[in-house]
Amino acid sequence: MLNKAKDTFYQKMSQCNKKSCYGYIKRRLPILSWAKDYKFTWLAQDALAGLTVGLTAIPQGIAYAIVANLSPEYGLYASFMASFVYIVFGSCKSITIGPTAIMATMVQPLVSKYGPDMAILLSFLKGCMIAILGLLHLGFLLDFISLPVITGFTAAASINIAASQIKPLLGIPGRSEDLVDALISVFSNLNAIRYEDTLLGVATIIVLVLLKNLPGRRTGSWPQKITWAITLARNALVVIIGTVIAYIFYTNNKEPFKLTGSMGNGLPQIGLPHFSISDGNRTYDFLETTAAMGTTLFSVPIVSTIEHMAIAKAFAMGKSLDATQEMFALGLCNMFASFVRSMPITGSFTRTAVNHSSGVKTTLGGLFTGCLVLLASSLLTSTFRFIPKATLAGVIMCSMYYMLDFKTYALIWRAKKIDFLLMLITLLFCVFYKLEWGIIIGIVLNLLILLYFSARPSVHTEIEQIEDKVAIRIIPEESITFPAAEYFRANIMQLSEKNSLNVVLDCKNVKRIDVTVAKNLKLLSNDLRLRGQNIVCENCPDNIGKILKTVAPDL
């Protein structure tokens, strides 16, 4: 009988372990959830969405590689591998992962100094860090970065990236690092402005704005569907038109525009990133390389995860979001992408919006995006050299303008002025100093503000008659923790001093206290007793009553 019970117990334990193991695997491989229910009718919609995203990813990838000071092919390398990896590990069907303007501008200083291998290694290290943080469920740390800080950082990055494209737009040689550098360079080289590039760049921006505002619907009539398709593929269209114009001039032995120039041939070699970097006559080992990355080694994963999670939340469409899985997927995308010489990547708002608007059904749409980018990388490299720099500058500047969220700026201003000031400080430091230090300063200021209000809890007071005595009722409006302990005690002493009032501490709004607060309340009780006053605690939850009974049993 006993042996039979043991066998039954072990059998149930085995079934439970298998079930929990399968559940864990299913969470880490979301493809297992949707693949078994996949309908053949979805394939056409996934294919349409994937190809449409690919038409956006190709010109953006080339443009963002140039922003990062990389050869254009690196933008394509960064676009295809992540599309394949996210099919298996991604939990949000609309998300597309690839190069973004913010990632490009953050790695640009390292690329300029150490070359492309630094960006590739950073992508690998960043992927490892994000994946590990995700598996350890440490994504909650990102909650300490507030909306004003993120908004200020994003606005500053958009301004700096757009500013870096002013010189290519005007045909002025060289590149600019930030807004101030761009303005100084332009006004110092007014005689170097080329009207051909300027006209082409301005025309590109005008056409993009017009195409974005075309009325069209994916489910409407055929003219509406065609208009909708043109709107989604507008970046690819203007790049194709610009390339055709430049090629026509080239066949007539003319080159009125500054061109992107030659790029690497074919597909990248597959392999681990280089863990030692060569710069001129010197070779940096792994430790020296990571030291050379400085704060970028930590700021890039943080910003990348923030950017990705914000997009994932926006396109979750009411469904619960598995933050752990999204961080894990993002980490793996960066790790695997580094094997094909990719720069750091993250979720792209523009391409995700295109994917969602195209009616994607599952993450399988990434298969078609990746295949289209692969074809472009292998077959069209000779064509890409004819893309005018002014056209790419127009594409980037237009994209950066739409990243400026004026509604959110107005909302923060109306809601809370101190949050708007925090956003403005973050923006100014990011624009006029460095993006990495700007967001660090913003986070530190935000935490200081948080600590200040934690140390200065709001308190409501009432004067009431208790039997034949007058007392002051102290009602804290929030929980009290150790930073506020001494302030809270001193405040009650001051409030009760006038007319020697007794004190009633009403804890109905207090959800938690700590030992420091309880100890200070005991000291408060002793001080009041010396003045002939008493303090009584009322409406204490069980957890608070237990702490007070242990530390200050006289209350």
# chains A, B, ... in the order shown; residues from 1 in each chain; ligands from 1
call {"tool": "residues_around", "arguments": {"residues": "Val244 (chain A)", "least_positions_apart": "2", "cutoff": "12 Å", "atoms": "only C-alpha atoms", "output": "list in words"}}
result
Leu237, Val238, Val239, Ile240, Ile241, Gly242, Ala246, Tyr247, Ile248, Phe249, Tyr250, Thr251, Thr383, Phe384, Arg385, Phe386, Ile387, Pro388 and Thr391 of chain A
call {"tool": "residues_around", "arguments": {"residues": "region 289-292 of chain A", "least_positions_apart": "2", "cutoff": "12 Å", "atoms": "only C-alpha atoms", "output": "JSON, numbers by chain"}}
result
{"A": [109, 110, 111, 113, 114, 115, 117, 118, 119, 121, 122, 124, 125, 126, 274, 275, 276, 277, 278, 279, 282, 283, 284, 285, 286, 287, 294, 295, 296, 297, 298]}
call {"tool": "write_last_selection", "arguments": {"atoms": "N, CA and C atoms", "output": "short mmCIF file (atom, residue, chain, number, x, y, z; two decimals), in the first residue's frame"}}
result
data_model
loop_
_atom_site.label_atom_id
_atom_site.label_comp_id
_atom_site.auth_asym_id
_atom_site.auth_seq_id
_atom_site.Cartn_x
_atom_site.Cartn_y
_atom_site.Cartn_z
N PRO A 109 30.44 57.69 -32.16
CA PRO A 109 31.77 58.09 -31.67
C PRO A 109 32.76 56.92 -31.58
N LEU A 110 32.27 55.75 -31.15
CA LEU A 110 33.14 54.58 -31.06
C LEU A 110 33.59 54.10 -32.43
N VAL A 111 32.65 54.11 -33.38
CA VAL A 111 32.98 53.68 -34.74
C VAL A 111 34.01 54.63 -35.36
N LYS A 113 36.28 56.28 -33.95
CA LYS A 113 37.61 56.16 -33.34
C LYS A 113 38.23 54.77 -33.52
N TYR A 114 37.39 53.71 -33.45
CA TYR A 114 37.94 52.36 -33.43
C TYR A 114 37.53 51.50 -34.62
N GLY A 115 36.59 51.96 -35.44
CA GLY A 115 36.18 51.18 -36.60
C GLY A 115 34.95 50.33 -36.35
N ASP A 117 34.42 47.10 -36.11
CA ASP A 117 34.48 45.95 -35.20
C ASP A 117 34.02 46.31 -33.79
N MET A 118 34.20 47.57 -33.40
CA MET A 118 33.76 48.01 -32.08
C MET A 118 32.23 47.96 -31.97
N ALA A 119 31.54 48.41 -33.02
CA ALA A 119 30.07 48.38 -33.02
C ALA A 119 29.55 46.95 -33.00
N LEU A 121 31.12 44.22 -31.77
CA LEU A 121 31.35 43.65 -30.43
C LEU A 121 30.37 44.23 -29.42
N LEU A 122 30.08 45.52 -29.54
CA LEU A 122 29.11 46.15 -28.64
C LEU A 122 27.74 45.52 -28.80
N PHE A 124 27.14 42.41 -29.61
CA PHE A 124 27.18 41.10 -28.93
C PHE A 124 27.09 41.26 -27.42
N LEU A 125 27.90 42.15 -26.86
CA LEU A 125 27.91 42.35 -25.41
C LEU A 125 26.57 42.88 -24.92
N LYS A 126 26.02 43.79 -25.68
CA LYS A 126 24.71 44.34 -25.33
C LYS A 126 23.66 43.24 -25.32
N HIS A 274 34.96 40.05 -33.26
CA HIS A 274 36.34 40.10 -32.78
C HIS A 274 36.36 40.64 -31.35
N PHE A 275 37.00 39.90 -30.45
CA PHE A 275 37.04 40.32 -29.05
C PHE A 275 38.27 41.18 -28.75
N SER A 276 39.09 41.39 -29.74
CA SER A 276 40.18 42.36 -29.65
C SER A 276 40.10 43.25 -30.88
N ILE A 277 40.33 44.54 -30.68
CA ILE A 277 40.13 45.54 -31.73
C ILE A 277 41.48 46.13 -32.14
N SER A 278 41.71 46.21 -33.43
CA SER A 278 42.92 46.84 -33.96
C SER A 278 42.62 48.26 -34.39
N ASP A 279 43.41 49.19 -33.89
CA ASP A 279 43.26 50.60 -34.25
C ASP A 279 44.62 51.14 -34.67
N ARG A 282 48.01 49.69 -33.13
CA ARG A 282 47.79 49.14 -31.78
C ARG A 282 46.62 48.18 -31.77
N THR A 283 46.75 47.13 -30.97
CA THR A 283 45.67 46.16 -30.80
C THR A 283 45.21 46.19 -29.35
N TYR A 284 43.91 46.37 -29.15
CA TYR A 284 43.33 46.41 -27.81
C TYR A 284 42.80 45.01 -27.47
N ASP A 285 43.19 44.48 -26.30
CA ASP A 285 42.61 43.21 -25.89
C ASP A 285 41.18 43.44 -25.38
N PHE A 286 40.54 42.36 -24.95
CA PHE A 286 39.12 42.46 -24.62
C PHE A 286 38.86 43.44 -23.49
N LEU A 287 39.66 43.38 -22.42
CA LEU A 287 39.46 44.29 -21.29
C LEU A 287 39.69 45.74 -21.69
N GLY A 294 33.56 52.67 -22.39
CA GLY A 294 33.13 53.60 -21.35
C GLY A 294 31.67 53.43 -20.99
N THR A 295 31.00 54.55 -20.77
CA THR A 295 29.58 54.52 -20.37
C THR A 295 28.68 53.97 -21.47
N THR A 296 29.16 54.00 -22.72
CA THR A 296 28.35 53.50 -23.84
C THR A 296 28.02 52.02 -23.66
N LEU A 297 28.91 51.26 -23.03
CA LEU A 297 28.68 49.83 -22.81
C LEU A 297 27.42 49.60 -21.98
N PHE A 298 27.06 50.54 -21.12
CA PHE A 298 25.89 50.39 -20.27
C PHE A 298 24.70 51.23 -20.76
#
call {"tool": "closest_atom_pairs", "arguments": {"of": "region 35-106 of chain A", "to": "region 434-439 of chain A", "cutoff": "10 Å", "atoms": "only C-alpha atoms", "output": "CSV"}}
result
residue,atom,partner,partner_atom,distance
A:Ile102,CA,A:Leu435,CA,9.4
A:Thr105,CA,A:Leu435,CA,8.8
A:Met106,CA,A:Leu435,CA,7.2
call {"tool": "select_by_dssp", "arguments": {"residues": "region 271-360 of chain A", "states": "strand (DSSP E)", "output": "list in words"}}
result
Ile277, Ser278, Asp279, Arg282, Thr283, Tyr284, Thr346 and Gly347 of chain A
call {"tool": "select_by_dssp", "arguments": {"residues": "region 93-145 of chain A", "states": "alpha helix (DSSP H)", "output": "PyMOL selection string"}}
result
chain A and resi 101-114+116-135
call {"tool": "residues_around", "arguments": {"residues": "region 45-50 of chain A", "least_positions_apart": "6", "cutoff": "9 Å", "atoms": "only C-alpha atoms", "output": "list in words"}}
result
Val354, Asn355, His356, Ser357, Ser358, Gly359, Val360, Lys361, Thr362, Thr363, Leu364, Gly365, Gly366, Leu367, Phe368, Thr369, Gly370 and Leu372 of chain A
call {"tool": "write_last_selection", "arguments": {"atoms": "N, CA, C and O atoms", "output": "CSV table (one decimal), in the first residue's frame"}}
result
chain,number,residue,atom,x,y,z
A,354,VAL,N,4.6,50.4,-39.6
A,354,VAL,CA,4.3,49.9,-41.0
A,354,VAL,C,3.8,48.4,-40.9
A,354,VAL,O,2.9,48.1,-41.6
A,355,ASN,N,4.5,47.6,-40.1
A,355,ASN,CA,4.1,46.2,-40.0
A,355,ASN,C,2.7,46.1,-39.5
A,355,ASN,O,1.9,45.3,-40.0
A,356,HIS,N,2.3,46.9,-38.5
A,356,HIS,CA,1.0,46.8,-37.9
A,356,HIS,C,0.0,47.3,-38.9
A,356,HIS,O,-1.1,46.7,-39.0
A,357,SER,N,0.3,48.4,-39.6
A,357,SER,CA,-0.7,48.9,-40.5
A,357,SER,C,-0.9,48.0,-41.7
A,357,SER,O,-2.0,48.0,-42.4
A,358,SER,N,0.1,47.1,-42.0
A,358,SER,CA,0.0,46.2,-43.1
A,358,SER,C,-0.9,45.0,-42.8
A,358,SER,O,-1.0,44.1,-43.6
A,359,GLY,N,-1.3,44.9,-41.5
A,359,GLY,CA,-2.2,43.8,-41.1
A,359,GLY,C,-1.4,42.5,-40.8
A,359,GLY,O,-2.0,41.4,-41.1
A,360,VAL,N,-0.2,42.6,-40.3
A,360,VAL,CA,0.5,41.3,-40.0
A,360,VAL,C,-0.2,40.5,-39.0
A,360,VAL,O,-0.8,41.0,-38.1
A,361,LYS,N,-0.1,39.2,-39.2
A,361,LYS,CA,-0.8,38.2,-38.3
A,361,LYS,C,0.0,37.6,-37.3
A,361,LYS,O,-0.4,37.3,-36.1
A,362,THR,N,1.3,37.3,-37.6
A,362,THR,CA,2.2,36.7,-36.7
A,362,THR,C,3.6,37.2,-37.0
A,362,THR,O,3.8,38.0,-37.9
A,363,THR,N,4.6,36.8,-36.1
A,363,THR,CA,5.9,37.2,-36.3
A,363,THR,C,6.6,36.6,-37.6
A,363,THR,O,7.7,36.9,-37.9
A,364,LEU,N,5.8,35.7,-38.3
A,364,LEU,CA,6.4,35.1,-39.5
A,364,LEU,C,6.6,36.1,-40.6
A,364,LEU,O,7.4,35.9,-41.5
A,365,GLY,N,6.0,37.3,-40.4
A,365,GLY,CA,6.2,38.4,-41.4
A,365,GLY,C,7.7,38.7,-41.5
A,365,GLY,O,8.2,39.2,-42.5
A,366,GLY,N,8.4,38.5,-40.4
A,366,GLY,CA,9.8,38.8,-40.4
A,366,GLY,C,10.6,38.0,-41.3
A,366,GLY,O,11.7,38.4,-41.8
A,367,LEU,N,10.1,36.8,-41.7
A,367,LEU,CA,10.8,35.9,-42.7
A,367,LEU,C,10.9,36.6,-44.0
A,367,LEU,O,11.9,36.6,-44.7
A,368,PHE,N,9.8,37.3,-44.4
A,368,PHE,CA,9.8,38.0,-45.7
A,368,PHE,C,10.6,39.2,-45.7
A,368,PHE,O,11.3,39.6,-46.7
A,369,THR,N,10.6,39.9,-44.6
A,369,THR,CA,11.4,41.1,-44.4
A,369,THR,C,12.9,40.7,-44.5
A,369,THR,O,13.7,41.4,-45.3
A,370,GLY,N,13.3,39.7,-43.8
A,370,GLY,CA,14.7,39.3,-43.8
A,370,GLY,C,15.1,38.8,-45.2
A,370,GLY,O,16.2,39.1,-45.6
A,372,LEU,N,13.9,39.7,-48.1
A,372,LEU,CA,14.0,40.8,-49.0
A,372,LEU,C,15.3,41.6,-48.8
A,372,LEU,O,16.0,42.0,-49.7
call {"tool": "closest_residue", "arguments": {"among": "A:Ile440, A:Ser479, A:Ala82, A:Asp527", "to": "Cys540 (chain A)", "atoms": "only C-alpha atoms"}}
result
A:Ser479
call {"tool": "residues_around", "arguments": {"residues": "region 134-145 of chain A", "least_positions_apart": "2", "cutoff": "10 Å", "atoms": "only C-alpha atoms", "output": "number ranges by chain"}}
result
A: 28, 128-132, 147-150, 302-303, 305-306, 309, 323-331, 439-440, 442-444, 446-447, 450
call {"tool": "closest_residue", "arguments": {"among": "A:Val300, A:Thr350, A:Gly271, A:Gln494", "to": "Ser399 (chain A)", "atoms": "only C-alpha atoms"}}
result
A:Thr350
call {"tool": "residues_around", "arguments": {"residues": "Gly216 (chain A)", "least_positions_apart": "5", "cutoff": "9 Å", "atoms": "only C-alpha atoms", "output": "MDAnalysis selection string"}}
result
chainID A and resid 221 223:231
call {"tool": "write_last_selection", "arguments": {"atoms": "C-alpha atoms", "output": "PDB file, in the first residue's frame"}}
result
ATOM      1  CA  SER A 221     -11.192  50.273 -52.907  1.00  0.00           C
ATOM      2  CA  PRO A 223      -7.282  53.231 -55.604  1.00  0.00           C
ATOM      3  CA  GLN A 224      -7.310  53.479 -51.800  1.00  0.00           C
ATOM      4  CA  LYS A 225      -5.237  50.299 -51.499  1.00  0.00           C
ATOM      5  CA  ILE A 226      -2.694  51.608 -54.022  1.00  0.00           C
ATOM      6  CA  THR A 227      -2.493  54.936 -52.186  1.00  0.00           C
ATOM      7  CA  TRP A 228      -2.060  53.098 -48.892  1.00  0.00           C
ATOM      8  CA  ALA A 229       0.783  50.995 -50.343  1.00  0.00           C
ATOM      9  CA  ILE A 230       2.504  54.103 -51.717  1.00  0.00           C
ATOM     10  CA  THR A 231       2.256  55.783 -48.308  1.00  0.00           C
TER      11      THR A 231
END
call {"tool": "atom_distance", "arguments": {"atom1": "CA of Arg218 (chain A)", "atom2": "CA of Leu43 (chain A)"}}
result
16.4 Å
call {"tool": "residues_around", "arguments": {"residues": "Val340 (chain A)", "least_positions_apart": "3", "cutoff": "10 Å", "atoms": "only C-alpha atoms", "output": "ChimeraX atom specification"}}
result
/A:74,77-78,80-81,120,267-273,335-337,343
call {"tool": "write_last_selection", "arguments": {"atoms": "N, CA and C atoms", "output": "JSON list (two decimals), in the first residue's frame"}}
result
[["chain", "number", "residue", "atom", "x", "y", "z"],
["A", 74, "TYR", "N", 26.48, 47.72, -43.68],
["A", 74, "TYR", "CA", 26.28, 47.33, -42.29],
["A", 74, "TYR", "C", 24.83, 47.55, -41.84],
["A", 77, "TYR", "N", 23.11, 44.45, -43.02],
["A", 77, "TYR", "CA", 23.47, 43.31, -42.18],
["A", 77, "TYR", "C", 22.68, 43.35, -40.87],
["A", 78, "ALA", "N", 22.43, 44.56, -40.38],
["A", 78, "ALA", "CA", 21.73, 44.72, -39.10],
["A", 78, "ALA", "C", 20.23, 44.49, -39.23],
["A", 80, "PHE", "N", 18.55, 41.95, -41.33],
["A", 80, "PHE", "CA", 17.93, 40.68, -41.71],
["A", 80, "PHE", "C", 17.98, 39.60, -40.62],
["A", 81, "MET", "N", 19.11, 39.48, -39.92],
["A", 81, "MET", "CA", 19.22, 38.38, -38.95],
["A", 81, "MET", "C", 18.22, 38.53, -37.81],
["A", 120, "ILE", "N", 30.23, 46.05, -33.71],
["A", 120, "ILE", "CA", 29.81, 44.65, -33.77],
["A", 120, "ILE", "C", 29.98, 43.98, -32.41],
["A", 267, "LEU", "N", 27.14, 39.05, -49.22],
["A", 267, "LEU", "CA", 26.70, 38.83, -47.85],
["A", 267, "LEU", "C", 27.87, 38.82, -46.89],
["A", 268, "PRO", "N", 27.62, 39.09, -45.62],
["A", 268, "PRO", "CA", 28.72, 39.12, -44.64],
["A", 268, "PRO", "C", 29.21, 37.71, -44.30],
["A", 269, "GLN", "N", 30.42, 37.63, -43.82],
["A", 269, "GLN", "CA", 30.92, 36.36, -43.30],
["A", 269, "GLN", "C", 30.29, 36.09, -41.93],
["A", 270, "ILE", "N", 29.94, 34.84, -41.72],
["A", 270, "ILE", "CA", 29.31, 34.47, -40.45],
["A", 270, "ILE", "C", 30.39, 34.02, -39.46],
["A", 271, "GLY", "N", 30.36, 34.58, -38.27],
["A", 271, "GLY", "CA", 31.34, 34.21, -37.25],
["A", 271, "GLY", "C", 31.21, 35.09, -36.03],
["A", 272, "LEU", "N", 31.90, 34.69, -34.98],
["A", 272, "LEU", "CA", 31.89, 35.47, -33.74],
["A", 272, "LEU", "C", 32.53, 36.84, -33.97],
["A", 273, "PRO", "N", 32.07, 37.86, -33.25],
["A", 273, "PRO", "CA", 32.72, 39.17, -33.36],
["A", 273, "PRO", "C", 34.15, 39.11, -32.83],
["A", 335, "MET", "N", 22.70, 39.35, -30.19],
["A", 335, "MET", "CA", 23.79, 38.37, -30.17],
["A", 335, "MET", "C", 23.95, 37.69, -31.52],
["A", 336, "PHE", "N", 22.85, 37.16, -32.06],
["A", 336, "PHE", "CA", 22.92, 36.47, -33.34],
["A", 336, "PHE", "C", 23.25, 37.43, -34.48],
["A", 337, "ALA", "N", 22.73, 38.65, -34.40],
["A", 337, "ALA", "CA", 23.01, 39.63, -35.46],
["A", 337, "ALA", "C", 24.49, 39.99, -35.50],
["A", 343, "MET", "N", 25.53, 46.13, -36.43],
["A", 343, "MET", "CA", 25.62, 47.16, -35.41],
["A", 343, "MET", "C", 24.54, 46.90, -34.36]]
call {"tool": "residues_around", "arguments": {"residues": "Leu411 (chain A)", "least_positions_apart": "4", "cutoff": "12 Å", "atoms": "only C-alpha atoms", "output": "list in words"}}
result
Leu147, Pro148, Thr151, Asp405, Phe406, Lys407, Ala415, Lys416, Lys417, Asp419, Phe420 and Met423 of chain A
call {"tool": "atom_distance", "arguments": {"atom1": "CA of Trp413 (chain A)", "atom2": "CA of Arg456 (chain A)"}}
result
23.5 Å
call {"tool": "atom_distance", "arguments": {"atom1": "CA of Val88 (chain A)", "atom2": "CA of Ser304 (chain A)"}}
result
20.1 Å
call {"tool": "closest_residue", "arguments": {"among": "A:Ala182, A:Ile345, A:Ile95, A:Ala162", "to": "Leu332 (chain A)", "atoms": "only C-alpha atoms"}}
result
A:Ile345
